[in-house]
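Undergrad: Contents of input27.csv (CSV, C-alpha atoms and all ligand atoms):
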chain,number,residue,atom,x,y,z
A,237,MET,CA,98.7,87.2,128.5
A,238,PRO,CA,96.4,90.0,129.8
A,239,ILE,CA,94.2,91.7,127.1
A,240,ALA,CA,95.0,95.2,125.8
A,241,LEU,CA,93.3,98.0,127.6
A,242,SER,CA,92.6,99.6,124.2
A,243,SER,CA,90.6,96.6,123.1
A,244,LEU,CA,87.9,97.3,125.7
A,245,ALA,CA,84.9,99.4,124.6
A,246,ALA,CA,84.5,102.6,126.7
A,247,ALA,CA,81.3,101.2,128.4
A,248,ASP,CA,83.1,98.0,129.3
A,249,LEU,CA,86.0,99.9,130.8
A,250,ARG,CA,83.6,102.1,132.8
A,251,ALA,CA,81.9,98.9,134.1
A,252,TRP,CA,85.3,97.4,135.0
A,253,LEU,CA,86.1,100.6,137.0
A,254,ALA,CA,82.7,100.7,138.6
A,255,GLU,CA,83.1,97.1,139.8
A,256,ARG,CA,86.2,98.3,141.6
A,257,GLY,CA,84.4,101.3,143.2
A,258,GLN,CA,86.1,103.8,141.0
A,259,PRO,CA,84.4,107.0,139.8
A,260,ALA,CA,83.5,107.3,136.1
A,261,TYR,CA,86.0,110.1,135.4
A,262,ARG,CA,88.8,107.6,135.8
A,263,GLU,CA,88.1,106.3,132.3
A,264,ARG,CA,88.9,109.7,130.9
A,265,GLN,CA,92.0,110.0,133.0
A,266,LEU,CA,93.2,106.7,131.7
A,267,ARG,CA,92.6,107.7,128.1
A,268,SER,CA,94.3,111.0,128.6
A,269,TRP,CA,97.4,109.2,129.9
A,270,LEU,CA,97.5,107.0,126.8
A,271,ALA,CA,97.2,110.1,124.6
A,272,ARG,CA,100.0,111.8,126.6
A,273,GLY,CA,102.2,108.8,125.8
A,274,ALA,CA,102.2,106.7,128.9
A,275,ALA,CA,103.7,103.3,128.1
A,276,GLY,CA,102.6,101.6,131.3
A,277,PHE,CA,100.1,102.0,134.2
A,278,GLU,CA,102.8,102.9,136.8
A,279,GLU,CA,103.3,106.2,135.0
A,280,MET,CA,99.7,107.3,135.5
A,281,ARG,CA,100.5,109.3,138.6
A,282,ASP,CA,97.1,110.8,139.4
A,283,LEU,CA,95.5,107.3,139.6
A,284,PRO,CA,95.5,105.6,143.1
A,285,GLY,CA,98.3,103.2,143.5
A,286,SER,CA,96.0,100.2,144.2
A,287,LEU,CA,94.1,100.9,140.9
A,288,ARG,CA,97.4,101.0,139.0
A,289,VAL,CA,98.3,97.6,140.4
A,290,GLN,CA,94.8,96.2,139.5
A,291,LEU,CA,95.1,97.7,136.0
A,292,ALA,CA,98.6,96.2,135.5
A,293,ASP,CA,97.3,92.8,136.6
A,294,SER,CA,94.4,92.8,134.2
A,295,PHE,CA,95.6,94.7,131.1
A,296,ARG,CA,98.4,95.5,128.8
A,297,ALA,CA,98.7,99.2,127.9
A,298,SER,CA,99.0,98.4,124.2
A,299,SER,CA,98.0,95.5,121.9
A,300,LEU,CA,101.3,95.9,119.9
A,301,GLU,CA,104.7,94.5,120.7
A,302,GLU,CA,107.5,96.0,118.8
A,303,ILE,CA,109.8,93.3,117.4
A,304,ALA,CA,111.9,95.2,114.9
A,305,ARG,CA,112.8,98.7,113.9
A,306,SER,CA,114.5,100.2,110.9
A,307,GLU,CA,115.8,103.8,111.0
A,308,ILE,CA,116.5,105.7,107.9
A,309,ALA,CA,118.3,108.7,109.5
A,310,ALA,CA,118.8,111.0,106.6
A,311,ASP,CA,115.1,110.6,105.7
A,312,GLN,CA,113.9,111.1,109.3
A,313,THR,CA,111.9,108.0,108.9
A,314,THR,CA,111.4,105.0,111.2
A,315,LYS,CA,109.7,101.8,110.4
A,316,TYR,CA,108.3,99.6,113.1
A,317,LEU,CA,107.4,96.0,112.9
A,318,TYR,CA,104.8,94.9,115.5
A,319,ARG,CA,103.6,91.6,116.6
A,320,LEU,CA,99.8,91.3,117.1
A,321,ASP,CA,97.8,88.9,119.2
A,322,GLY,CA,97.8,85.6,117.5
A,323,GLY,CA,101.4,86.1,116.2
A,324,TYR,CA,100.8,88.0,112.9
A,325,THR,CA,103.0,91.0,112.2
A,326,VAL,CA,102.3,94.5,110.7
A,327,GLU,CA,104.4,97.5,109.9
A,328,ALA,CA,103.9,101.2,110.6
A,329,VAL,CA,106.2,104.0,109.4
A,330,VAL,CA,106.8,107.4,111.1
A,331,MET,CA,107.9,110.2,108.8
A,332,ARG,CA,109.2,113.5,110.2
A,333,TYR,CA,108.9,116.7,108.3
A,334,PRO,CA,109.7,120.3,109.4
A,335,ARG,CA,106.2,121.1,110.3
A,336,ARG,CA,104.4,117.8,110.5
A,337,SER,CA,104.8,114.2,111.7
A,338,THR,CA,103.0,111.6,109.6
A,339,LEU,CA,102.3,108.0,110.4
A,340,CYS,CA,101.7,105.5,107.6
A,341,ILE,CA,99.4,103.0,109.3
A,342,SER,CA,98.4,99.4,108.5
A,343,SER,CA,94.8,98.2,108.4
A,344,GLN,CA,95.2,94.5,107.5
A,345,VAL,CA,97.8,91.7,107.8
A,346,GLY,CA,98.6,91.2,104.1
A,347,CYS,CA,96.1,92.3,101.5
A,348,PRO,CA,93.4,90.5,99.5
A,349,ILE,CA,93.7,92.7,96.4
A,350,GLY,CA,97.0,91.3,95.2
A,351,CYS,CA,98.4,94.1,93.0
A,352,PRO,CA,101.4,92.5,91.2
A,353,PHE,CA,103.9,95.4,92.0
A,354,CYS,CA,103.1,95.5,95.8
A,355,ALA,CA,105.1,93.7,98.4
A,356,THR,CA,102.1,93.4,100.7
A,357,GLY,CA,100.0,92.0,97.9
A,358,GLN,CA,102.5,89.2,97.2
A,359,GLY,CA,102.0,87.4,100.5
A,360,ALA,CA,99.0,85.5,101.8
A,361,PHE,CA,96.2,87.5,103.4
A,362,GLY,CA,96.3,87.1,107.2
A,363,ARG,CA,93.5,88.9,108.9
A,364,ASN,CA,91.8,92.3,109.4
A,365,LEU,CA,93.2,94.5,112.2
A,366,ALA,CA,90.8,95.3,115.0
A,367,ALA,CA,90.1,99.1,115.5
A,368,HIS,CA,92.1,99.2,118.6
A,369,GLU,CA,95.1,97.6,116.8
A,370,ILE,CA,95.0,100.5,114.3
A,371,VAL,CA,94.6,103.1,117.1
A,372,ASP,CA,97.5,101.6,119.0
A,373,GLN,CA,99.8,102.2,116.1
A,374,ALA,CA,98.9,105.9,116.3
A,375,LEU,CA,99.3,106.0,120.1
A,376,ASP,CA,102.6,104.3,119.9
A,377,ALA,CA,103.8,106.7,117.2
A,378,ASN,CA,102.6,109.7,119.2
A,379,ARG,CA,104.3,108.4,122.3
A,380,ARG,CA,107.6,108.3,120.5
A,381,LEU,CA,107.2,111.6,118.8
A,382,LEU,CA,106.3,113.3,122.2
A,383,GLY,CA,109.7,112.1,123.4
A,384,GLU,CA,111.3,114.1,120.6
A,385,GLY,CA,109.3,117.2,121.3
A,386,ARG,CA,107.0,116.5,118.3
A,387,ARG,CA,103.5,115.2,118.1
A,388,LEU,CA,101.6,113.1,115.6
A,389,SER,CA,99.8,115.4,113.2
A,390,HIS,CA,98.9,113.4,110.1
A,391,ILE,CA,97.9,109.8,109.3
A,392,VAL,CA,97.9,108.0,106.0
A,393,PHE,CA,96.3,104.6,105.6
A,394,MET,CA,99.0,103.5,103.2
A,395,GLY,CA,100.6,100.8,105.2
A,396,MET,CA,99.7,97.1,104.8
A,397,GLY,CA,96.2,96.3,103.6
A,398,GLU,CA,93.2,97.7,101.8
A,399,PRO,CA,91.5,100.0,104.4
A,400,LEU,CA,88.0,99.8,102.8
A,401,ALA,CA,88.1,96.0,102.9
A,402,ASN,CA,88.2,96.4,106.7
A,403,TYR,CA,85.6,99.2,106.7
A,404,GLU,CA,84.1,99.1,110.2
A,405,ALA,CA,87.4,98.9,112.0
A,406,VAL,CA,89.0,101.6,109.9
A,407,VAL,CA,86.0,104.0,110.4
A,408,SER,CA,85.9,103.4,114.1
A,409,SER,CA,89.7,103.9,114.4
A,410,VAL,CA,89.4,107.2,112.6
A,411,ARG,CA,86.7,108.3,115.0
A,412,ALA,CA,88.8,107.3,118.0
A,413,ILE,CA,92.0,109.0,116.6
A,414,ALA,CA,89.9,112.2,116.0
A,415,ASP,CA,88.4,112.1,119.5
A,416,PRO,CA,89.7,115.2,121.4
A,417,ASP,CA,90.1,113.0,124.5
A,418,LEU,CA,92.4,110.8,122.7
A,419,LEU,CA,94.6,112.2,119.9
A,420,GLY,CA,92.3,114.9,118.5
A,421,ILE,CA,93.7,114.5,115.0
A,422,SER,CA,91.2,116.0,112.6
A,423,PRO,CA,89.8,113.7,109.9
A,424,ARG,CA,91.0,116.2,107.3
A,425,ARG,CA,94.6,115.3,108.3
A,426,ILE,CA,93.8,111.6,107.8
A,427,THR,CA,94.1,110.1,104.3
A,428,VAL,CA,92.4,106.8,103.4
A,429,SER,CA,94.1,105.3,100.4
A,430,THR,CA,92.1,102.7,98.4
A,431,SER,CA,92.4,100.5,95.4
A,432,GLY,CA,88.7,101.4,94.8
A,433,LEU,CA,86.0,99.4,96.5
A,434,ILE,CA,83.1,101.5,95.1
A,435,PRO,CA,80.3,100.5,97.5
A,436,ARG,CA,82.4,101.2,100.5
A,437,LEU,CA,83.6,104.5,99.1
A,438,GLU,CA,80.0,105.5,98.6
A,439,ARG,CA,79.3,104.6,102.2
A,440,LEU,CA,82.3,106.5,103.4
A,441,ALA,CA,81.0,109.6,101.7
A,442,GLU,CA,77.9,109.4,104.0
A,443,GLU,CA,79.8,108.9,107.3
A,444,GLY,CA,80.2,112.6,108.1
A,445,LEU,CA,83.9,112.0,108.4
A,446,PRO,CA,85.7,114.3,106.0
A,447,VAL,CA,88.8,112.2,105.6
A,448,THR,CA,91.0,112.8,102.6
A,449,LEU,CA,90.5,110.1,99.9
A,450,ALA,CA,93.3,108.8,97.8
A,451,ILE,CA,92.5,106.5,94.9
A,452,SER,CA,95.3,104.2,93.8
A,453,LEU,CA,94.8,104.7,90.1
A,454,HIS,CA,98.1,103.7,88.4
A,455,ALA,CA,96.5,103.3,85.0
A,456,ALA,CA,93.9,105.4,83.1
A,457,ARG,CA,92.7,102.6,80.7
A,458,GLU,CA,90.7,99.6,81.8
A,459,GLU,CA,93.0,96.8,80.3
A,460,LEU,CA,96.1,98.1,82.0
A,461,ARG,CA,94.4,98.8,85.3
A,462,ASP,CA,92.8,95.3,85.2
A,463,VAL,CA,96.4,94.0,85.5
A,464,LEU,CA,98.0,96.5,87.9
A,465,VAL,CA,95.0,96.7,90.3
A,466,PRO,CA,93.0,93.5,89.8
A,467,ILE,CA,89.9,94.8,91.7
A,468,ASN,CA,89.4,96.9,88.6
A,469,ARG,CA,87.8,93.9,86.9
A,470,LYS,CA,85.0,94.2,89.5
A,471,TYR,CA,85.0,98.0,90.0
A,472,PRO,CA,86.2,99.5,86.7
A,473,LEU,CA,87.5,103.0,86.1
A,474,ALA,CA,84.3,103.9,84.3
A,475,GLN,CA,82.4,103.6,87.7
A,476,LEU,CA,85.3,104.4,90.0
A,477,ILE,CA,86.0,107.9,88.8
A,478,PRO,CA,82.4,109.2,89.1
A,479,ALA,CA,82.2,107.6,92.6
A,480,ALA,CA,85.5,109.2,93.7
A,481,GLN,CA,84.4,112.6,92.3
A,482,ALA,CA,81.1,112.3,94.1
A,483,TYR,CA,83.0,111.7,97.3
A,484,GLY,CA,84.9,114.9,96.6
A,485,VAL,CA,81.7,116.9,96.0
A,486,ARG,CA,79.9,115.4,99.0
A,487,THR,CA,82.8,116.0,101.5
A,488,GLY,CA,84.2,119.2,100.0
A,489,ARG,CA,87.6,117.5,99.9
A,490,ARG,CA,89.7,117.3,96.8
A,491,VAL,CA,90.5,113.7,95.9
A,492,SER,CA,94.1,112.5,95.4
A,493,TYR,CA,95.0,110.0,92.7
A,494,GLU,CA,98.1,107.9,93.3
A,495,TRP,CA,100.2,106.8,90.4
A,496,VAL,CA,103.1,104.4,91.0
A,497,LEU,CA,105.4,104.9,88.1
A,498,LEU,CA,106.5,101.6,86.5
A,499,ALA,CA,109.2,101.9,83.7
A,500,GLY,CA,107.8,101.2,80.3
A,501,VAL,CA,104.4,100.2,81.7
A,502,ASN,CA,102.5,103.4,82.7
A,503,ASP,CA,105.1,106.2,82.3
A,504,THR,CA,104.6,107.2,78.6
A,505,GLU,CA,103.2,110.3,77.0
A,506,ARG,CA,100.1,108.3,76.1
A,507,ASP,CA,99.5,107.4,79.8
A,508,ALA,CA,99.8,111.0,80.8
A,509,ARG,CA,97.3,112.0,78.1
A,510,GLU,CA,94.8,109.4,79.1
A,511,LEU,CA,95.1,110.4,82.7
A,512,GLY,CA,94.4,114.0,81.7
A,513,GLU,CA,91.3,112.9,79.8
A,514,LEU,CA,90.0,110.7,82.7
A,515,LEU,CA,90.1,113.3,85.6
A,516,ASP,CA,88.3,116.5,86.2
A,517,ARG,CA,91.1,119.0,86.8
A,518,ARG,CA,89.0,121.0,89.3
A,519,LEU,CA,88.5,118.1,91.7
A,520,ALA,CA,91.7,116.1,91.4
A,521,HIS,CA,95.2,116.1,92.5
A,522,VAL,CA,97.7,113.6,91.1
A,523,ASN,CA,100.6,112.1,93.2
A,524,LEU,CA,103.3,110.4,91.3
A,525,ILE,CA,105.2,107.7,93.3
A,526,PRO,CA,108.4,106.4,91.7
A,527,PHE,CA,108.2,102.6,92.0
A,528,ASN,CA,110.1,101.1,94.9
A,529,PRO,CA,111.5,97.9,93.6
A,530,VAL,CA,110.0,94.7,95.0
A,531,ALA,CA,111.8,91.3,94.5
A,532,ASP,CA,110.1,88.8,92.3
A,533,THR,CA,108.1,91.3,90.3
A,534,PRO,CA,108.8,92.1,86.7
A,535,TYR,CA,108.6,95.9,87.3
A,536,ARG,CA,111.4,98.5,87.4
A,537,ALA,CA,111.5,102.2,88.5
A,538,PRO,CA,111.8,104.8,85.7
A,539,GLU,CA,114.9,107.0,85.6
A,540,PRO,CA,114.5,110.3,87.5
A,541,ARG,CA,114.6,112.0,84.1
A,542,GLN,CA,111.6,110.0,82.9
A,543,VAL,CA,109.7,110.8,86.2
A,544,ARG,CA,110.2,114.5,85.5
A,545,ARG,CA,109.1,114.2,81.9
A,546,PHE,CA,106.0,112.3,82.9
A,547,ALA,CA,105.1,114.9,85.6
A,548,GLU,CA,105.5,117.6,82.9
A,549,TRP,CA,103.2,115.7,80.5
A,550,VAL,CA,100.6,115.4,83.2
A,551,ALA,CA,100.9,119.1,84.2
A,552,ALA,CA,100.4,120.0,80.5
A,553,THR,CA,96.9,118.4,80.6
A,554,GLY,CA,96.0,121.0,83.2
A,555,LEU,CA,96.1,118.6,86.2
A,556,ASN,CA,97.6,119.4,89.5
A,557,VAL,CA,100.5,117.0,89.9
A,558,THR,CA,103.3,116.4,92.5
A,559,VAL,CA,106.0,113.8,92.6
A,560,ARG,CA,105.7,112.3,96.0
A,561,ASP,CA,108.5,112.4,98.5
A,562,THR,CA,109.5,108.8,98.8
A,563,LYS,CA,110.5,109.0,102.4
A,564,GLY,CA,110.3,105.6,104.0
A,565,ARG,CA,110.3,104.0,100.7
A,566,SER,CA,114.1,103.9,100.7
A,567,GLY,CA,115.9,101.5,103.0
A,568,ASP,CA,113.5,98.8,103.6
A,569,ALA,CA,111.4,100.5,100.9
A,570,ALA,CA,107.7,100.2,100.3
A,571,CYS,CA,105.1,99.0,102.7
A,572,GLY,CA,105.4,95.4,103.7
A,573,GLN,CA,109.1,95.2,102.8
A,574,LEU,CA,110.5,95.3,106.3
A,575,ARG,CA,108.2,92.5,107.2
A,576,ALA,CA,109.0,90.6,104.1
A,577,ARG,CA,112.8,90.8,104.7
A,578,LEU,CA,112.5,89.8,108.4
A,579,LEU,CA,110.2,86.9,107.7
A,580,GLN,CA,112.4,85.5,104.9
A,581,PRO,CA,114.2,82.3,105.9
A,582,ALA,CA,118.0,83.1,106.4
A,601,LIG,N1,95.7,99.2,99.7
A,601,LIG,C1,95.6,100.6,99.7
A,601,LIG,C2,96.5,101.3,100.7
A,601,LIG,C3,97.9,100.7,100.9
A,601,LIG,S1,99.0,100.8,99.6
A,601,LIG,C4,95.9,101.1,98.3
A,601,LIG,O1,96.4,100.4,97.4
A,601,LIG,O2,95.7,102.3,98.0
A,601,LIG,C5,99.5,102.6,99.6
A,601,LIG,C6,100.1,103.1,98.3
A,601,LIG,O3,101.4,102.5,98.0
A,601,LIG,C7,99.2,102.7,97.1
A,601,LIG,O4,99.0,103.7,96.2
A,601,LIG,C8,100.1,101.6,96.4
A,601,LIG,O5,99.8,101.4,95.1
A,601,LIG,C9,101.5,102.1,96.7
A,601,LIG,N2,102.5,101.1,96.5
A,601,LIG,C10,102.4,99.8,96.8
A,601,LIG,N3,103.6,99.1,96.5
A,601,LIG,C11,104.4,100.1,96.1
A,601,LIG,C12,105.8,100.1,95.6
A,601,LIG,N4,106.5,99.0,95.5
A,601,LIG,N5,106.4,101.3,95.2
A,601,LIG,C13,105.6,102.4,95.3
A,601,LIG,N6,104.4,102.5,95.7
A,601,LIG,C14,103.8,101.3,96.1
A,602,LIG,FE1,96.7,95.8,98.6
A,602,LIG,FE2,97.2,98.4,98.1
A,602,LIG,FE3,99.2,96.6,97.9
A,602,LIG,FE4,97.2,96.7,96.1
A,602,LIG,S1,98.7,98.3,96.5
A,602,LIG,S2,98.0,94.8,97.1
A,602,LIG,S3,95.5,97.2,97.3
A,602,LIG,S4,98.1,97.1,99.8
Would you write out, as C-alpha cells, the structure that this file holds?
Ligand code: SAH
Ligand code: SF4

TA:
Amino acid sequence: MPIALSSLAAADLRAWLAERGQPAYRERQLRSWLARGAAGFEEMRDLPGSLRVQLADSFRASSLEEIARSEIAADQTTKYLYRLDGGYTVEAVVMRYPRRSTLCISSQVGCPIGCPFCATGQGAFGRNLAAHEIVDQALDANRRLLGEGRRLSHIVFMGMGEPLANYEAVVSSVRAIADPDLLGISPRRITVSTSGLIPRLERLAEEGLPVTLAISLHAAREELRDVLVPINRKYPLAQLIPAAQAYGVRTGRRVSYEWVLLAGVNDTERDARELGELLDRRLAHVNLIPFNPVADTPYRAPEPRQVRRFAEWVAATGLNVTVRDTKGRSGDAACGQLRARLLQPA
C-alpha cells in the first residue's frame, strides 16, 4: 500500500517534487488542498494532471481508513473508528455546538496509565501514534465539517491515550494543526488533557505553545488518587499541583481540572472540601464529568441530583466549576468504547 502523503516531512515532499521537476510552491498548494478538505489527488484541480497521477501512484491522501462510525443525532456528535497502518484502530469524536466544532482526538492506541474506570485503560497498550496520524484525524474531521458548512475550531486531546506519554508527536501535531498553511487552529483552542506526567508538563510549559492544559484530577487526596489514577504513585498531587499552577503562570492560561464523578467514591462533601483546599481559586477551573459506565469496572455514575449537589459544594469553596456537557459520552459512551464494542467477539 502506498505511504500517506502526510507522513512525509515537508523537506522530503519538496525533494520528491523537485525530482519530478516541480516548483517548490507545489508543496504549499498540496497542503492547502488537504486543509480545504480534498479527499484525493484528483480533486486538486490547480495541479498538473500528470502530477496528480504521479501523486496517486505514490501516496495515499490520508493515513487513516474509516472502518466504523456511530452517529448520536440528538447530540450532534459523530464517533469515527479508524484503522492505522499495521492494523491498530483508534477513535476520534466530532462534537457540533452552535458556535464551535470540537474534535476529541487520540494520541495513542490504548493507554499505559491504566486508570481503573477508563475503557481505554482496560485494554493492552498498542503503540504511540505518529504526528501525522494525529494531524490526519483533524484533517478528516475538518473535511467532513466543511461539507456541512462548518469548520473545525477546537481540539481536545481527550480521546485514547495519554498525550504527554507521546510527547514529541503530540507537540509536533499541535504545531502542524496551528500552522496557518494547514488548519490554522490557535493553540489556545487546543486542550491537552493529562493524567499528570510532571517532567513532560514542565517541558510543555517551555515550548512557547500556549495550549490549554487539563489535569485529570479525580481525587484530592493521595490515597484515593493512587487508585483512580495510578501514575499518582510516581507523580503525587503534592508535586503535580505546583507544576500545573506553574504551567498556568508561565503560559498565562488558566488550568482546567477534570473530575470524573464516581458514585460513593469521589462525590461526597468531604471530596469537595478537599478539592477546594487543594486548588488556588484564581488559577483553576474545575470540570465535573459524570462517569460514563464502563463494563467490567466496579464504578457507577452518581444520580443527577448528587452531581448538582457536588457542584454546589465545590462552588461553595470559591472554585469556578462547571458540569461538563457529556456529548459523545452517550451512545457508545466514553473514549475507547466504540472500539471496545466493535472489537468484542460476537
Ligand atoms: N489520558 C488523558 C486524556 C484522555 S482521557 C487523561 O486521562 O487526561 C480524557 C478524560 O476522560 C480524562 O479526564 C479521563 O479521566 C476521562 N474519562 C475516562 N474514562 C471516562 C469515563 N468512563 N467516564 C467519564 N470520563 C472518563
Ligand atoms: Fe489513560 Fe486517560 Fe484513560 Fe487514564 S483516563 S487510562 S490516563 S486514557

Undergrad: If you count only C-alpha atoms and all ligand atoms, which residues end up within 6 Å of ligand LIG 602 (chain A), as a list of chain:residue names?

TA: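 Sorted by chain and then by number, the residues are A:Cys347, A:Ile349, A:Gly350, A:Cys351, A:Cys354, A:Thr356, A:Gly357, A:Met396, A:Gly397, A:Glu398, A:Ser431.
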
Undergrad: In Å, how far is it from atom CA of A:Ser268 to atom CA of A:Val371?

TA: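 Distance reported for this atom pair: 14.0 Å.
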
Undergrad: Using all atoms listed in the file, which protein or nucleic acid residues come within 7 Å of A:Ala367? Drop anything in the same chain fewer than 2 positions from it, and give the result as number ranges by chain.

TA: A: 365, 369-371, 405-406, 408-409

Undergrad: Store the residues picked out above in a file with C-alpha atoms, as a PDB file, in the coordinates of the input.

TA:
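Once everything was written out, this is out_37.pdb:
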ATOM      1  CA  LEU A 365      93.200  94.500 112.200  1.00  0.00           C
ATOM      2  CA  GLU A 369      95.100  97.600 116.800  1.00  0.00           C
ATOM      3  CA  ILE A 370      95.000 100.500 114.300  1.00  0.00           C
ATOM      4  CA  VAL A 371      94.600 103.100 117.100  1.00  0.00           C
ATOM      5  CA  ALA A 405      87.400  98.900 112.000  1.00  0.00           C
ATOM      6  CA  VAL A 406      89.000 101.600 109.900  1.00  0.00           C
ATOM      7  CA  SER A 408      85.900 103.400 114.100  1.00  0.00           C
ATOM      8  CA  SER A 409      89.700 103.900 114.400  1.00  0.00           C
TER       9      SER A 409
END

Undergrad: If you take all atoms listed in the file and a cut-off of 6 Å, which residues of chain A touch ligand LIG 601 (chain A), and what are their nearest atom pairs and distances in Å to one decimal, in chain and number order, as CSV?

TA:
residue,atom,partner,partner_atom,distance
A:Phe353,CA,A:LIG601,N4,5.7
A:Cys354,CA,A:LIG601,N3,3.7
A:Ala355,CA,A:LIG601,N3,5.9
A:Phe393,CA,A:LIG601,C2,5.9
A:Met394,CA,A:LIG601,C5,3.7
A:Gly395,CA,A:LIG601,C3,5.1
A:Met396,CA,A:LIG601,C3,5.6
A:Gly397,CA,A:LIG601,N1,4.9
A:Glu398,CA,A:LIG601,N1,3.6
A:Ser429,CA,A:LIG601,O2,4.2
A:Thr430,CA,A:LIG601,O2,3.6
A:Ser431,CA,A:LIG601,O1,4.5
A:Ser452,CA,A:LIG601,O4,4.4
A:Glu494,CA,A:LIG601,O4,5.2
A:Val496,CA,A:LIG601,N6,5.2
A:Ile525,CA,A:LIG601,C13,5.7
A:Phe527,CA,A:LIG601,N5,3.9
A:Asn528,CA,A:LIG601,N5,3.7
A:Pro529,CA,A:LIG601,N4,5.5
A:Val530,CA,A:LIG601,N4,5.6
A:Ala570,CA,A:LIG601,C12,5.1

Undergrad: With C-alpha atoms kept, could you save the residues just selected as a compact mmCIF listing (two decimals), in the coordinates of the input?

TA:
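Now in out15.txt:
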# COMPACT_ATOMS: atom_id res chain seq x y z
CA PHE A 353 103.90 95.40 92.00
CA CYS A 354 103.10 95.50 95.80
CA ALA A 355 105.10 93.70 98.40
CA PHE A 393 96.30 104.60 105.60
CA MET A 394 99.00 103.50 103.20
CA GLY A 395 100.60 100.80 105.20
CA MET A 396 99.70 97.10 104.80
CA GLY A 397 96.20 96.30 103.60
CA GLU A 398 93.20 97.70 101.80
CA SER A 429 94.10 105.30 100.40
CA THR A 430 92.10 102.70 98.40
CA SER A 431 92.40 100.50 95.40
CA SER A 452 95.30 104.20 93.80
CA GLU A 494 98.10 107.90 93.30
CA VAL A 496 103.10 104.40 91.00
CA ILE A 525 105.20 107.70 93.30
CA PHE A 527 108.20 102.60 92.00
CA ASN A 528 110.10 101.10 94.90
CA PRO A 529 111.50 97.90 93.60
CA VAL A 530 110.00 94.70 95.00
CA ALA A 570 107.70 100.20 100.30

Undergrad: Of the residues A:Arg264, A:Ser242, A:Arg424, A:Ser389, which is the one nearest to A:Arg296, using all atoms listed in the file?

TA: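 Among A:Arg264, A:Ser242, A:Arg424, A:Ser389, it is A:Ser242 that comes nearest to A:Arg296.
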
Undergrad: Of the residues A:Tyr324, A:Tyr316, A:Tyr471, A:Trp549, which is the one nearest to A:Ala374, using all atoms listed in the file?

TA: A:Tyr316

Undergrad: Need the shell around A:Arg411: protein/DNA/RNA residues with any atom at most 12 Å away, counting all atoms listed in the file. Skip same-chain ones fewer than 3 positions apart. Format as a list in words?

TA: Ala367, His368, Ile370, Val371, Glu404, Ala405, Val406, Val407, Ser408, Ala414, Asp415, Pro416, Asp417, Leu418, Leu419, Gly420, Ile421, Ser422, Pro423, Arg424, Ile426, Glu443, Gly444, Leu445, Pro446 and Val447 of chain A

Undergrad: I'd like the interatomic distance between atom CA of A:Leu449 and atom CA of A:Asn523, to a tenth of an Å.

TA: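 A separation of 12.3 Å between them.
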
Undergrad: Missing atoms in stretch 410-420 of chain A need filling: write out N, CA, C and O atoms for it as a PDB file, in the frame of the given file.

TA:
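Result file is selection.pdb:
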ATOM      1  N   VAL A 410      89.298 105.774 112.953  1.00  0.00           N
ATOM      2  CA  VAL A 410      89.400 107.200 112.600  1.00  0.00           C
ATOM      3  C   VAL A 410      88.629 108.042 113.626  1.00  0.00           C
ATOM      4  O   VAL A 410      89.117 109.070 114.106  1.00  0.00           O
ATOM      5  N   ARG A 411      87.440 107.559 114.016  1.00  0.00           N
ATOM      6  CA  ARG A 411      86.700 108.300 115.000  1.00  0.00           C
ATOM      7  C   ARG A 411      87.448 108.396 116.338  1.00  0.00           C
ATOM      8  O   ARG A 411      87.469 109.437 116.993  1.00  0.00           O
ATOM      9  N   ALA A 412      88.082 107.294 116.736  1.00  0.00           N
ATOM     10  CA  ALA A 412      88.800 107.300 118.000  1.00  0.00           C
ATOM     11  C   ALA A 412      90.031 108.233 117.916  1.00  0.00           C
ATOM     12  O   ALA A 412      90.301 109.014 118.827  1.00  0.00           O
ATOM     13  N   ILE A 413      90.749 108.175 116.800  1.00  0.00           N
ATOM     14  CA  ILE A 413      92.000 109.000 116.600  1.00  0.00           C
ATOM     15  C   ILE A 413      91.568 110.488 116.616  1.00  0.00           C
ATOM     16  O   ILE A 413      92.293 111.351 117.098  1.00  0.00           O
ATOM     17  N   ALA A 414      90.373 110.776 116.069  1.00  0.00           N
ATOM     18  CA  ALA A 414      89.900 112.200 116.000  1.00  0.00           C
ATOM     19  C   ALA A 414      89.330 112.661 117.327  1.00  0.00           C
ATOM     20  O   ALA A 414      89.190 113.873 117.531  1.00  0.00           O
ATOM     21  N   ASP A 415      89.005 111.751 118.223  1.00  0.00           N
ATOM     22  CA  ASP A 415      88.400 112.100 119.500  1.00  0.00           C
ATOM     23  C   ASP A 415      89.333 113.045 120.285  1.00  0.00           C
ATOM     24  O   ASP A 415      90.480 112.694 120.539  1.00  0.00           O
ATOM     25  N   PRO A 416      88.833 114.242 120.655  1.00  0.00           N
ATOM     26  CA  PRO A 416      89.700 115.200 121.400  1.00  0.00           C
ATOM     27  C   PRO A 416      90.254 114.614 122.684  1.00  0.00           C
ATOM     28  O   PRO A 416      91.307 115.030 123.155  1.00  0.00           O
ATOM     29  N   ASP A 417      89.548 113.644 123.294  1.00  0.00           N
ATOM     30  CA  ASP A 417      90.100 113.000 124.500  1.00  0.00           C
ATOM     31  C   ASP A 417      91.197 112.058 124.240  1.00  0.00           C
ATOM     32  O   ASP A 417      91.890 111.621 125.151  1.00  0.00           O
ATOM     33  N   LEU A 418      91.331 111.672 122.973  1.00  0.00           N
ATOM     34  CA  LEU A 418      92.400 110.800 122.700  1.00  0.00           C
ATOM     35  C   LEU A 418      93.466 111.597 121.860  1.00  0.00           C
ATOM     36  O   LEU A 418      94.139 112.419 122.443  1.00  0.00           O
ATOM     37  N   LEU A 419      93.564 111.435 120.556  1.00  0.00           N
ATOM     38  CA  LEU A 419      94.600 112.200 119.900  1.00  0.00           C
ATOM     39  C   LEU A 419      94.154 113.483 119.244  1.00  0.00           C
ATOM     40  O   LEU A 419      94.954 114.361 118.963  1.00  0.00           O
ATOM     41  N   GLY A 420      92.848 113.598 119.016  1.00  0.00           N
ATOM     42  CA  GLY A 420      92.300 114.900 118.500  1.00  0.00           C
ATOM     43  C   GLY A 420      92.874 115.238 117.126  1.00  0.00           C
ATOM     44  O   GLY A 420      93.001 116.416 116.792  1.00  0.00           O
TER      45      GLY A 420
END
